[in-house]
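my_file.cif (mmCIF, C-alpha atoms) appears below.
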data_model
loop_
_atom_site.group_PDB
_atom_site.id
_atom_site.type_symbol
_atom_site.label_atom_id
_atom_site.label_comp_id
_atom_site.auth_asym_id
_atom_site.auth_seq_id
_atom_site.Cartn_x
_atom_site.Cartn_y
_atom_site.Cartn_z
ATOM 1 C CA MET A 1 247.086 -37.671 28.652
ATOM 2 C CA LYS A 2 247.858 -34.704 26.451
ATOM 3 C CA LEU A 3 246.770 -34.286 22.842
ATOM 4 C CA LEU A 4 248.167 -31.779 20.402
ATOM 5 C CA LEU A 5 245.708 -30.635 17.802
ATOM 6 C CA LYS A 6 246.056 -29.115 14.390
ATOM 7 C CA PHE A 7 243.247 -27.026 12.889
ATOM 8 C CA ASP A 8 242.180 -26.312 9.364
ATOM 9 C CA PHE A 9 240.822 -22.862 10.196
ATOM 10 C CA THR A 10 238.804 -22.352 7.040
ATOM 11 C CA LYS A 11 237.145 -25.735 7.407
ATOM 12 C CA VAL A 12 236.403 -25.250 11.107
ATOM 13 C CA CYS A 13 234.731 -21.904 10.436
ATOM 14 C CA ASN A 14 232.737 -23.108 7.449
ATOM 15 C CA THR A 15 231.538 -26.252 9.209
ATOM 16 C CA ILE A 16 230.307 -24.379 12.273
ATOM 17 C CA LEU A 17 228.583 -21.801 10.101
ATOM 18 C CA LYS A 18 226.927 -24.496 7.979
ATOM 19 C CA GLN A 19 225.669 -26.372 11.035
ATOM 20 C CA LYS A 20 224.283 -23.201 12.588
ATOM 21 C CA LEU A 21 222.600 -22.023 9.392
ATOM 22 C CA GLU A 22 220.976 -25.417 9.004
ATOM 23 C CA ALA A 23 219.947 -25.530 12.662
ATOM 24 C CA HIS A 24 218.162 -22.208 12.147
ATOM 25 C CA GLN A 25 216.646 -23.545 8.928
ATOM 26 C CA PHE A 26 217.917 -20.720 6.769
ATOM 27 C CA ASN A 27 217.772 -21.105 3.021
ATOM 28 C CA TYR A 28 221.150 -19.743 1.995
ATOM 29 C CA GLN A 29 224.038 -19.760 -0.418
ATOM 30 C CA GLN A 30 227.656 -19.228 0.557
ATOM 31 C CA THR A 31 229.067 -16.622 -1.810
ATOM 32 C CA ALA A 32 232.589 -16.350 -0.369
ATOM 33 C CA PHE A 33 234.446 -17.110 2.837
ATOM 34 C CA GLY A 34 232.608 -15.236 5.583
ATOM 35 C CA GLU A 35 229.832 -14.193 3.238
ATOM 36 C CA ILE A 36 226.425 -15.765 2.804
ATOM 37 C CA GLU A 37 223.316 -14.772 0.957
ATOM 38 C CA LEU A 38 219.944 -15.567 2.480
ATOM 39 C CA MET A 39 217.543 -16.777 -0.217
ATOM 40 C CA ALA A 40 214.360 -16.182 1.737
ATOM 41 C CA LYS A 41 213.226 -13.324 3.938
ATOM 42 C CA VAL A 42 214.261 -13.608 7.565
ATOM 43 C CA SER A 43 212.698 -11.637 10.423
ATOM 44 C CA GLU A 44 214.733 -9.382 12.719
ATOM 45 C CA GLU A 45 213.876 -11.735 15.555
ATOM 46 C CA GLN A 46 215.220 -14.797 13.696
ATOM 47 C CA LEU A 47 218.352 -12.930 12.749
ATOM 48 C CA LYS A 48 218.922 -11.875 16.330
ATOM 49 C CA ARG A 49 218.549 -15.436 17.598
ATOM 50 C CA PHE A 50 221.000 -16.602 14.944
ATOM 51 C CA HIS A 51 223.448 -13.876 15.902
ATOM 52 C CA ASP A 52 223.276 -14.759 19.616
ATOM 53 C CA ASP A 53 223.845 -18.393 18.754
ATOM 54 C CA ILE A 54 226.923 -17.910 16.550
ATOM 55 C CA ASN A 55 228.331 -15.309 18.913
ATOM 56 C CA ASP A 56 229.272 -18.092 21.341
ATOM 57 C CA PHE A 57 231.669 -19.361 18.691
ATOM 58 C CA GLY A 58 233.283 -15.967 18.227
ATOM 59 C CA ILE A 59 231.375 -15.327 14.996
ATOM 60 C CA GLU A 60 229.776 -11.939 14.491
ATOM 61 C CA ILE A 61 227.552 -10.410 11.853
ATOM 62 C CA ILE A 62 229.121 -7.169 10.669
ATOM 63 C CA GLU A 63 227.115 -4.274 9.397
ATOM 64 C CA ASP A 64 229.469 -1.313 9.131
ATOM 65 C CA PRO A 65 230.640 -1.257 5.454
ATOM 66 C CA LYS A 66 234.166 -0.192 6.467
ATOM 67 C CA LYS A 67 234.411 -3.092 8.868
ATOM 68 C CA ILE A 68 233.236 -5.456 6.133
ATOM 69 C CA VAL A 69 236.109 -4.424 3.870
ATOM 70 C CA ILE A 70 238.596 -4.696 6.757
ATOM 71 C CA GLN A 71 237.329 -8.161 7.586
ATOM 72 C CA LYS A 72 237.700 -9.236 3.947
ATOM 73 C CA ILE A 73 241.272 -7.954 3.855
ATOM 74 C CA LYS A 74 242.053 -9.893 7.026
ATOM 75 C CA ASP A 75 240.412 -13.046 5.674
ATOM 76 C CA VAL A 76 242.425 -12.904 2.446
ATOM 77 C CA ILE A 77 245.677 -12.388 4.376
ATOM 78 C CA VAL A 78 244.968 -15.141 6.910
ATOM 79 C CA ASP A 79 244.031 -17.524 4.105
ATOM 80 C CA MET A 80 247.161 -16.574 2.168
ATOM 81 C CA VAL A 81 249.477 -17.169 5.135
ATOM 82 C CA PHE A 82 247.864 -20.123 6.914
ATOM 83 C CA ASN A 83 246.969 -22.055 3.789
ATOM 84 C CA GLU A 84 250.356 -21.269 2.220
ATOM 85 C CA ARG A 85 248.870 -19.938 -0.994
ATOM 86 C CA ASP A 86 251.265 -19.731 -3.891
ATOM 87 C CA VAL A 87 250.914 -16.073 -4.695
ATOM 88 C CA ASN A 88 253.081 -15.180 -7.639
ATOM 89 C CA VAL A 89 252.367 -11.467 -7.606
ATOM 90 C CA LYS A 90 253.167 -8.836 -4.996
ATOM 91 C CA THR A 91 250.844 -8.999 -1.988
ATOM 92 C CA SER A 92 249.502 -5.528 -2.734
ATOM 93 C CA VAL A 93 248.501 -6.655 -6.226
ATOM 94 C CA TYR A 94 247.022 -9.870 -4.888
ATOM 95 C CA LEU A 95 244.912 -8.033 -2.300
ATOM 96 C CA ALA A 96 243.719 -5.489 -4.857
ATOM 97 C CA GLU A 97 242.696 -8.346 -7.177
ATOM 98 C CA GLN A 98 240.930 -10.344 -4.498
ATOM 99 C CA LEU A 99 238.996 -7.364 -3.168
ATOM 100 C CA GLU A 100 238.543 -5.657 -6.517
ATOM 101 C CA GLU A 101 239.621 -2.347 -5.039
ATOM 102 C CA ASN A 102 242.544 0.008 -5.417
ATOM 103 C CA TYR A 103 245.363 -0.942 -3.021
ATOM 104 C CA ASN A 104 245.926 2.603 -1.755
ATOM 105 C CA TYR A 105 242.307 2.821 -0.732
ATOM 106 C CA LEU A 106 242.518 -0.528 1.083
ATOM 107 C CA SER A 107 245.762 0.400 2.755
ATOM 108 C CA ASN A 108 244.493 3.740 4.054
ATOM 109 C CA LEU A 109 241.216 2.305 5.271
ATOM 110 C CA PHE A 110 243.028 -0.505 7.066
ATOM 111 C CA SER A 111 245.372 1.856 8.906
ATOM 112 C CA GLU A 112 242.530 4.180 9.828
ATOM 113 C CA VAL A 113 240.345 1.499 11.389
ATOM 114 C CA THR A 114 242.831 -0.939 12.911
ATOM 115 C CA TYR A 115 245.708 1.371 13.972
ATOM 116 C CA THR A 116 248.128 -0.895 12.192
ATOM 117 C CA SER A 117 249.185 -1.216 8.569
ATOM 118 C CA ILE A 118 248.427 -4.049 6.164
ATOM 119 C CA GLU A 119 252.181 -4.749 6.001
ATOM 120 C CA ASN A 120 252.384 -5.097 9.774
ATOM 121 C CA PHE A 121 249.306 -7.254 9.841
ATOM 122 C CA ILE A 122 250.850 -9.641 7.291
ATOM 123 C CA ILE A 123 254.066 -9.849 9.302
ATOM 124 C CA LEU A 124 252.067 -10.506 12.470
ATOM 125 C CA GLN A 125 250.154 -13.328 10.780
ATOM 126 C CA LYS A 126 253.339 -14.871 9.391
ATOM 127 C CA ILE A 127 254.944 -14.784 12.817
ATOM 128 C CA GLU A 128 251.817 -16.328 14.358
ATOM 129 C CA TYR A 129 251.955 -19.120 11.811
ATOM 130 C CA THR A 130 255.665 -19.560 12.524
ATOM 131 C CA LYS A 131 254.830 -19.951 16.226
ATOM 132 C CA ILE A 132 252.320 -22.699 15.445
ATOM 133 C CA LEU A 133 254.757 -24.528 13.172
ATOM 134 C CA LEU A 134 257.527 -24.211 15.779
ATOM 135 C CA THR A 135 255.488 -25.591 18.651
ATOM 136 C CA ASN A 136 252.838 -27.905 17.192
ATOM 137 C CA GLU A 137 254.625 -29.371 14.207
ATOM 138 C CA GLU A 138 258.135 -29.024 15.570
ATOM 139 C CA LEU A 139 259.556 -27.783 12.306
ATOM 140 C CA SER A 140 262.948 -26.126 12.385
ATOM 141 C CA LEU A 141 263.216 -22.423 11.674
ATOM 142 C CA THR A 142 265.055 -23.268 8.440
ATOM 143 C CA GLU A 143 262.150 -25.392 7.241
ATOM 144 C CA ILE A 144 259.667 -22.677 8.190
ATOM 145 C CA ALA A 145 261.641 -19.940 6.439
ATOM 146 C CA PHE A 146 261.571 -22.033 3.278
ATOM 147 C CA LYS A 147 257.868 -22.846 3.642
ATOM 148 C CA LEU A 148 256.918 -19.185 4.135
ATOM 149 C CA ASP A 149 259.108 -17.909 1.313
ATOM 150 C CA TYR A 150 261.603 -15.931 3.394
ATOM 151 C CA SER A 151 264.843 -15.090 1.621
ATOM 152 C CA SER A 152 266.823 -16.530 4.540
ATOM 153 C CA VAL A 153 266.492 -17.992 8.047
ATOM 154 C CA ALA A 154 268.225 -14.903 9.374
ATOM 155 C CA HIS A 155 265.497 -12.719 7.902
ATOM 156 C CA LEU A 156 262.701 -14.734 9.541
ATOM 157 C CA SER A 157 264.606 -14.923 12.809
ATOM 158 C CA LYS A 158 265.097 -11.158 12.835
ATOM 159 C CA GLN A 159 261.477 -10.462 11.980
ATOM 160 C CA PHE A 160 260.387 -12.810 14.766
ATOM 161 C CA LYS A 161 262.578 -10.997 17.267
ATOM 162 C CA ASN A 162 261.453 -7.566 16.063
ATOM 163 C CA THR A 163 257.784 -8.488 16.288
ATOM 164 C CA THR A 164 257.750 -10.338 19.596
ATOM 165 C CA GLY A 165 260.860 -9.076 21.389
ATOM 166 C CA ILE A 166 262.020 -12.635 21.959
ATOM 167 C CA THR A 167 263.990 -15.092 19.858
ATOM 168 C CA PRO A 168 262.329 -18.114 18.213
ATOM 169 C CA SER A 169 264.312 -20.479 20.436
ATOM 170 C CA ALA A 170 263.289 -18.621 23.620
ATOM 171 C CA PHE A 171 259.697 -18.800 22.412
ATOM 172 C CA GLN A 172 259.956 -22.550 21.883
ATOM 173 C CA ARG A 173 261.542 -22.983 25.308
ATOM 174 C CA ILE A 174 258.825 -20.960 27.089
ATOM 175 C CA ILE A 175 255.949 -22.835 25.433
ATOM 176 C CA ALA A 176 257.611 -26.198 26.166
ATOM 177 C CA LYS A 177 258.052 -25.261 29.836
ATOM 178 C CA ARG A 178 254.429 -24.117 30.065
ATOM 179 C CA LYS A 179 253.271 -27.469 28.738
ATOM 180 C CA GLN A 180 255.353 -29.257 31.366
ATOM 181 C CA ILE A 181 253.725 -27.289 34.186
ATOM 182 C CA ASN A 182 250.120 -27.743 33.060
ATOM 183 C CA MET B 1 237.904 -0.126 17.502
ATOM 184 C CA ASN B 2 236.763 3.459 17.066
ATOM 185 C CA SER B 3 233.545 2.964 18.923
ATOM 186 C CA ASP B 4 234.662 0.428 21.501
ATOM 187 C CA TYR B 5 236.337 1.027 24.819
ATOM 188 C CA ILE B 6 239.002 -1.269 26.076
ATOM 189 C CA ASN B 7 239.101 -1.957 29.773
ATOM 190 C CA ILE B 8 242.574 -1.765 31.194
ATOM 191 C CA ALA B 9 243.829 -2.188 34.745
ATOM 192 C CA LEU B 10 247.135 -1.390 36.412
ATOM 193 C CA ALA B 11 248.361 -2.593 39.779
ATOM 194 C CA ASP B 12 251.374 -0.593 40.914
ATOM 195 C CA ASP B 13 252.321 0.705 44.361
ATOM 196 C CA ASP B 14 254.223 3.717 42.988
ATOM 197 C CA GLU B 15 251.950 6.739 42.747
ATOM 198 C CA ASP B 16 254.075 8.509 40.119
ATOM 199 C CA ASP B 17 254.088 5.426 37.931
ATOM 200 C CA ARG B 18 250.304 5.183 38.136
ATOM 201 C CA LEU B 19 249.972 8.820 37.174
ATOM 202 C CA PHE B 20 252.347 8.485 34.209
ATOM 203 C CA PHE B 21 250.476 5.420 33.067
ATOM 204 C CA THR B 22 247.032 7.075 33.050
ATOM 205 C CA GLU B 23 248.397 10.204 31.389
ATOM 206 C CA ALA B 24 249.991 8.103 28.659
ATOM 207 C CA PHE B 25 246.686 6.356 28.010
ATOM 208 C CA ASP B 26 244.841 9.663 27.881
ATOM 209 C CA GLU B 27 247.117 10.778 25.088
ATOM 210 C CA LEU B 28 246.731 7.655 22.968
ATOM 211 C CA LYS B 29 244.208 7.700 20.135
ATOM 212 C CA LEU B 30 242.228 4.765 21.391
ATOM 213 C CA LYS B 31 239.481 5.005 23.931
ATOM 214 C CA SER B 32 240.203 3.216 27.144
ATOM 215 C CA LYS B 33 238.978 2.969 30.696
ATOM 216 C CA VAL B 34 241.812 2.564 33.127
ATOM 217 C CA LEU B 35 241.329 1.047 36.582
ATOM 218 C CA LEU B 36 244.059 1.567 39.164
ATOM 219 C CA PHE B 37 245.091 -0.539 42.141
ATOM 220 C CA LYS B 38 247.854 0.204 44.578
ATOM 221 C CA ASP B 39 248.660 -3.326 45.660
ATOM 222 C CA GLY B 40 248.052 -6.952 44.836
ATOM 223 C CA ILE B 41 245.443 -7.502 47.562
ATOM 224 C CA GLU B 42 243.283 -4.623 46.355
ATOM 225 C CA LEU B 43 243.576 -5.932 42.793
ATOM 226 C CA MET B 44 242.632 -9.510 43.639
ATOM 227 C CA GLU B 45 239.653 -8.391 45.716
ATOM 228 C CA TYR B 46 238.315 -6.515 42.720
ATOM 229 C CA LEU B 47 238.979 -9.364 40.271
ATOM 230 C CA ASN B 48 237.461 -12.027 42.487
ATOM 231 C CA ASP B 49 234.194 -10.120 42.883
ATOM 232 C CA GLY B 50 231.995 -11.690 40.205
ATOM 233 C CA ASP B 51 229.956 -8.481 39.799
ATOM 234 C CA ASN B 52 232.890 -6.461 38.516
ATOM 235 C CA THR B 53 233.770 -6.104 34.839
ATOM 236 C CA LEU B 54 237.078 -7.768 34.143
ATOM 237 C CA PRO B 55 239.722 -5.767 32.302
ATOM 238 C CA SER B 56 240.790 -7.348 29.029
ATOM 239 C CA LEU B 57 244.339 -6.219 29.650
ATOM 240 C CA LEU B 58 246.023 -6.130 33.054
ATOM 241 C CA PHE B 59 249.358 -4.478 33.784
ATOM 242 C CA LEU B 60 251.091 -5.888 36.835
ATOM 243 C CA ASP B 61 254.016 -4.381 38.663
ATOM 244 C CA LEU B 62 256.267 -7.162 39.964
ATOM 245 C CA ASN B 63 257.387 -5.542 43.201
ATOM 246 C CA MET B 64 254.402 -4.569 45.280
ATOM 247 C CA PRO B 65 253.921 -4.724 49.032
ATOM 248 C CA LYS B 66 251.487 -7.224 50.611
ATOM 249 C CA LYS B 67 251.118 -9.299 47.469
ATOM 250 C CA SER B 68 253.647 -9.283 44.630
ATOM 251 C CA GLY B 69 252.846 -9.248 40.927
ATOM 252 C CA LEU B 70 254.136 -12.777 40.543
ATOM 253 C CA GLU B 71 251.788 -14.020 43.290
ATOM 254 C CA CYS B 72 248.865 -12.261 41.594
ATOM 255 C CA LEU B 73 249.844 -13.839 38.274
ATOM 256 C CA LYS B 74 249.874 -17.276 39.859
ATOM 257 C CA ASP B 75 246.417 -16.788 41.427
ATOM 258 C CA ILE B 76 244.961 -15.377 38.217
ATOM 259 C CA LYS B 77 246.183 -18.295 36.118
ATOM 260 C CA ALA B 78 244.782 -20.739 38.675
ATOM 261 C CA THR B 79 241.303 -19.180 38.451
ATOM 262 C CA GLU B 80 239.144 -20.274 35.535
ATOM 263 C CA ARG B 81 237.179 -16.995 35.310
ATOM 264 C CA LEU B 82 240.312 -14.837 35.214
ATOM 265 C CA ARG B 83 242.462 -16.920 32.925
ATOM 266 C CA GLU B 84 241.378 -15.181 29.711
ATOM 267 C CA MET B 85 242.792 -11.789 30.687
ATOM 268 C CA VAL B 86 245.935 -10.721 28.904
ATOM 269 C CA ILE B 87 248.652 -10.063 31.479
ATOM 270 C CA ALA B 88 251.394 -7.541 30.935
ATOM 271 C CA ILE B 89 254.197 -7.486 33.481
ATOM 272 C CA TYR B 90 255.245 -3.897 33.990
ATOM 273 C CA SER B 91 258.472 -3.692 35.876
ATOM 274 C CA THR B 92 261.907 -2.262 36.371
ATOM 275 C CA SER B 93 264.709 -4.350 34.951
ATOM 276 C CA ALA B 94 265.046 -7.990 35.874
ATOM 277 C CA SER B 95 267.344 -10.832 34.896
ATOM 278 C CA GLU B 96 266.777 -12.778 31.673
ATOM 279 C CA GLU B 97 265.851 -15.764 33.773
ATOM 280 C CA ASP B 98 263.211 -13.832 35.738
ATOM 281 C CA ILE B 99 261.688 -12.486 32.545
ATOM 282 C CA GLU B 100 261.463 -15.922 30.971
ATOM 283 C CA ASN B 101 259.989 -17.224 34.196
ATOM 284 C CA THR B 102 257.085 -14.754 34.094
ATOM 285 C CA PHE B 103 256.282 -15.888 30.545
ATOM 286 C CA VAL B 104 256.370 -19.520 31.622
ATOM 287 C CA LYS B 105 253.982 -18.678 34.474
ATOM 288 C CA GLY B 106 251.510 -17.281 31.961
ATOM 289 C CA ALA B 107 252.349 -13.614 31.355
ATOM 290 C CA ASN B 108 251.776 -12.452 27.768
ATOM 291 C CA VAL B 109 253.773 -9.255 27.801
ATOM 292 C CA TYR B 110 256.888 -8.113 29.607
ATOM 293 C CA ILE B 111 257.568 -4.395 29.663
ATOM 294 C CA LYS B 112 260.623 -2.825 31.143
ATOM 295 C CA LYS B 113 259.340 0.469 32.555
ATOM 296 C CA PRO B 114 260.636 3.251 30.328
ATOM 297 C CA ASN B 115 261.774 6.383 32.141
ATOM 298 C CA ASP B 116 260.826 8.621 29.259
ATOM 299 C CA PHE B 117 257.175 9.629 28.817
ATOM 300 C CA GLU B 118 257.200 9.531 25.005
ATOM 301 C CA LYS B 119 258.707 6.083 25.072
ATOM 302 C CA LEU B 120 256.098 4.930 27.555
ATOM 303 C CA LYS B 121 253.348 6.093 25.214
ATOM 304 C CA LYS B 122 254.933 4.217 22.333
ATOM 305 C CA VAL B 123 255.328 1.031 24.334
ATOM 306 C CA LEU B 124 251.766 1.110 25.696
ATOM 307 C CA SER B 125 250.382 1.807 22.262
ATOM 308 C CA GLU B 126 252.227 -1.209 20.889
ATOM 309 C CA VAL B 127 250.881 -3.465 23.629
ATOM 310 C CA VAL B 128 247.330 -2.284 23.115
ATOM 311 C CA THR B 129 247.363 -2.619 19.335
ATOM 312 C CA THR B 130 248.951 -6.070 19.442
ATOM 313 C CA ASN B 131 246.412 -7.109 22.060
ATOM 314 C CA TRP B 132 243.704 -5.753 19.802
ATOM 315 C CA GLN B 133 244.903 -7.949 16.941
ATOM 316 C CA TYR B 134 244.716 -11.006 19.161
ATOM 317 C CA GLN B 135 241.184 -10.159 20.187
ATOM 318 C CA THR B 136 239.828 -9.263 16.784
ATOM 319 C CA SER B 137 241.685 -11.556 14.425
ATOM 320 C CA GLY B 138 241.104 -14.863 16.144
ATOM 321 C CA LEU B 139 244.737 -15.487 17.005
ATOM 322 C CA ASN B 140 245.706 -18.050 19.610
ATOM 323 C CA LYS B 141 246.253 -16.161 22.862
ATOM 324 C CA ASP B 142 248.459 -18.933 24.233
ATOM 325 C CA ASN B 143 251.041 -17.865 21.676
ATOM 326 C CA PHE B 144 250.822 -14.178 22.622
ATOM 327 C CA LEU B 145 254.281 -13.370 23.937
ATOM 328 C CA LEU B 146 255.657 -9.880 23.606
ATOM 329 C CA ARG B 147 258.688 -8.300 25.195
ATOM 330 C CA LEU B 148 259.289 -4.580 25.021
#

Show the structure stored in the file as structure tokens.
Amino acid sequence: MKLLLKFDFTKVCNTILKQKLEAHQFNYQQTAFGEIELMAKVSEEQLKRFHDDINDFGIEIIEDPKKIVIQKIKDVIVDMVFNERDVNVKTSVYLAEQLEENYNYLSNLFSEVTYTSIENFIILQKIEYTKILLTNEELSLTEIAFKLDYSSVAHLSKQFKNTTGITPSAFQRIIAKRKQIN
Amino acid sequence: MNSDYINIALADDDEDDRLFFTEAFDELKLKSKVLLFKDGIELMEYLNDGDNTLPSLLFLDLNMPKKSGLECLKDIKATERLREMVIAIYSTSASEEDIENTFVKGANVYIKKPNDFEKLKKVLSEVVTTNWQYQTSGLNKDNFLLRL
């Protein structure tokens, strides 16, 4: 028997984090997505045990201030794309607002640390979301283009091909064939 | 990324191709450790030894003596411990059908070997940065398909 699953990424992450924080009996407050404030002092040893525990779930505590900003940028973009946020302003304005920083600063920092630009990262995320909608929800490319605010199907189709080197229909075909084999 | 190495491996029977490949990586900005294998048997022996560090990204030439890239791909995907590696097929031109077939069998990337060094650098850099995004941004690796 085969089951296809759909994830609410934000909820999955928050639930795991909550369970782990409670298991370690931390007194905390969540201040933002991926950001918590510990209300009582915690020893290095406790923190290390917590870190080892959440690491198994692909969660990491970040310390480098640059990496913290990068992670926030990524979180805002992923949330924007995967939760289909209605953003009425330009993405650059939206990011600057959400992070309370100048966009040029964010953009330069992002390119310096990740070797890709914010623009490319957004495209990559949109294409990833398109892949999920194509294979798990079986939406047509036309429906997806509308959902993700593309000016036309042709535009999405072209961006898909430019990013992955393959067409959306070839992608669908490959994933379907893989599922048949496994 | 600045402080971390990525472990990369290439299996290719052509000595010139192996040399080009390592030189291209040396010239990229990112730090990498490149392991080289000259055929599929040598590669699989290394991978199947539990003491060895697994590369996160493996480039496989399709046409190799003793054991072909496609046979290696099949064995890798059938082995639990090796399944997480990202596989890039690195080959001279093939038919559309063959290319699609490697994706179906579990390859993530298909690269047609460029004959120009600058182009090779560009292509490898694109593979590595895309791979990096998949590893650091929690993307679903099953959906990682890239053709260059």

For chain A against chain B, which residues fall within 10 Å using all atoms listed in the file, given as a PyMOL selection string? chain A and resi 9+58-59+67+71+74-75+78+112-116+121+124-125+128-129+131-132+135+161-166+170-171+173-182

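Applied to the file shown here, the PyMOL selection byres ((chain B and resi 27) around 12) selects the residues Phe20, Phe21, Thr22, Glu23, Ala24, Phe25, Asp26, Leu28, Lys29, Leu30, Lys31, Ser32, Phe117, Glu118, Leu120, Lys121, Lys122, Leu124 and Ser125 of chain B.
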
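Using only C-alpha atoms, the contacts of range 11-24 of chain A at a cut-off of 9 Å, with sequence neighbours closer than 3 positions omitted, comprise Phe7, Asp8, Asn27, Tyr28, Phe33, Gly34, Gln46, Arg49, Phe50, Asp53, Ile54, Phe57 and Ile59 of chain A.
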
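Restricting the calculation to all atoms listed in the file, the smallest distance between Ile89 in chain B and any of B:Asn131, B:Lys141, B:Asp12, B:Gly50 is found for B:Asp12.
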
Selection dump of the PyMOL selection byres ((chain A and resi 109) around 12), as a PyMOL selection string: chain A and resi 65-71+73+101-108+110-118

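You will find CA of Ser152 in chain A at 20.6 Å from CA of Asn83 in chain A.
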
Determine the residue membership of the PyMOL selection byres ((chain A and resi 32) around 12) for the file above and supply it as a list in words. Thr10, Asn14, Gln29, Gln30, Thr31, Phe33, Gly34, Glu35, Ile36, Glu37, Lys72, Asp75, Val76, Gln98 and Leu99 of chain A

Produce the centre coordinates and the three edge lengths, each in Å to one decimal, of the box along x, y and z that contains all listed atoms of range 61-64 of chain B with 6 Å added on each side, as lines of an AutoDock Vina configuration file.
center_x = 255.7
center_y = -5.8
center_z = 42.0
size_x = 15.4
size_y = 14.8
size_z = 18.6

Could you please give me, as a PyMOL selection string, the residues of protein, DNA or RNA lying at most 7 Å from (253.9, -5.9, 33.2) in the coordinate frame of the file, considering all atoms listed in the file? chain B and resi 59-61+87-91+109-111

Between CA of Thr53 in chain B and CA of Glu45 in chain A - distance in Å to one decimal: 28.3 Å

Would you list the contacts of Thr142 in chain A as an NGL selection string, taking every protein, DNA or RNA residue within 10 Å and counting only C-alpha atoms, but skipping same-chain residues closer than 5 positions in sequence? :A and (147 or 150 or 152-154 or 156-157)

Write the selection just made, keeping C-alpha atoms, as a PDB file, in the coordinates of the input?
ATOM      1  CA  LYS A 147     257.868 -22.846   3.642  1.00  0.00           C
ATOM      2  CA  TYR A 150     261.603 -15.931   3.394  1.00  0.00           C
ATOM      3  CA  SER A 152     266.823 -16.530   4.540  1.00  0.00           C
ATOM      4  CA  VAL A 153     266.492 -17.992   8.047  1.00  0.00           C
ATOM      5  CA  ALA A 154     268.225 -14.903   9.374  1.00  0.00           C
ATOM      6  CA  LEU A 156     262.701 -14.734   9.541  1.00  0.00           C
ATOM      7  CA  SER A 157     264.606 -14.923  12.809  1.00  0.00           C
TER       8      SER A 157
END
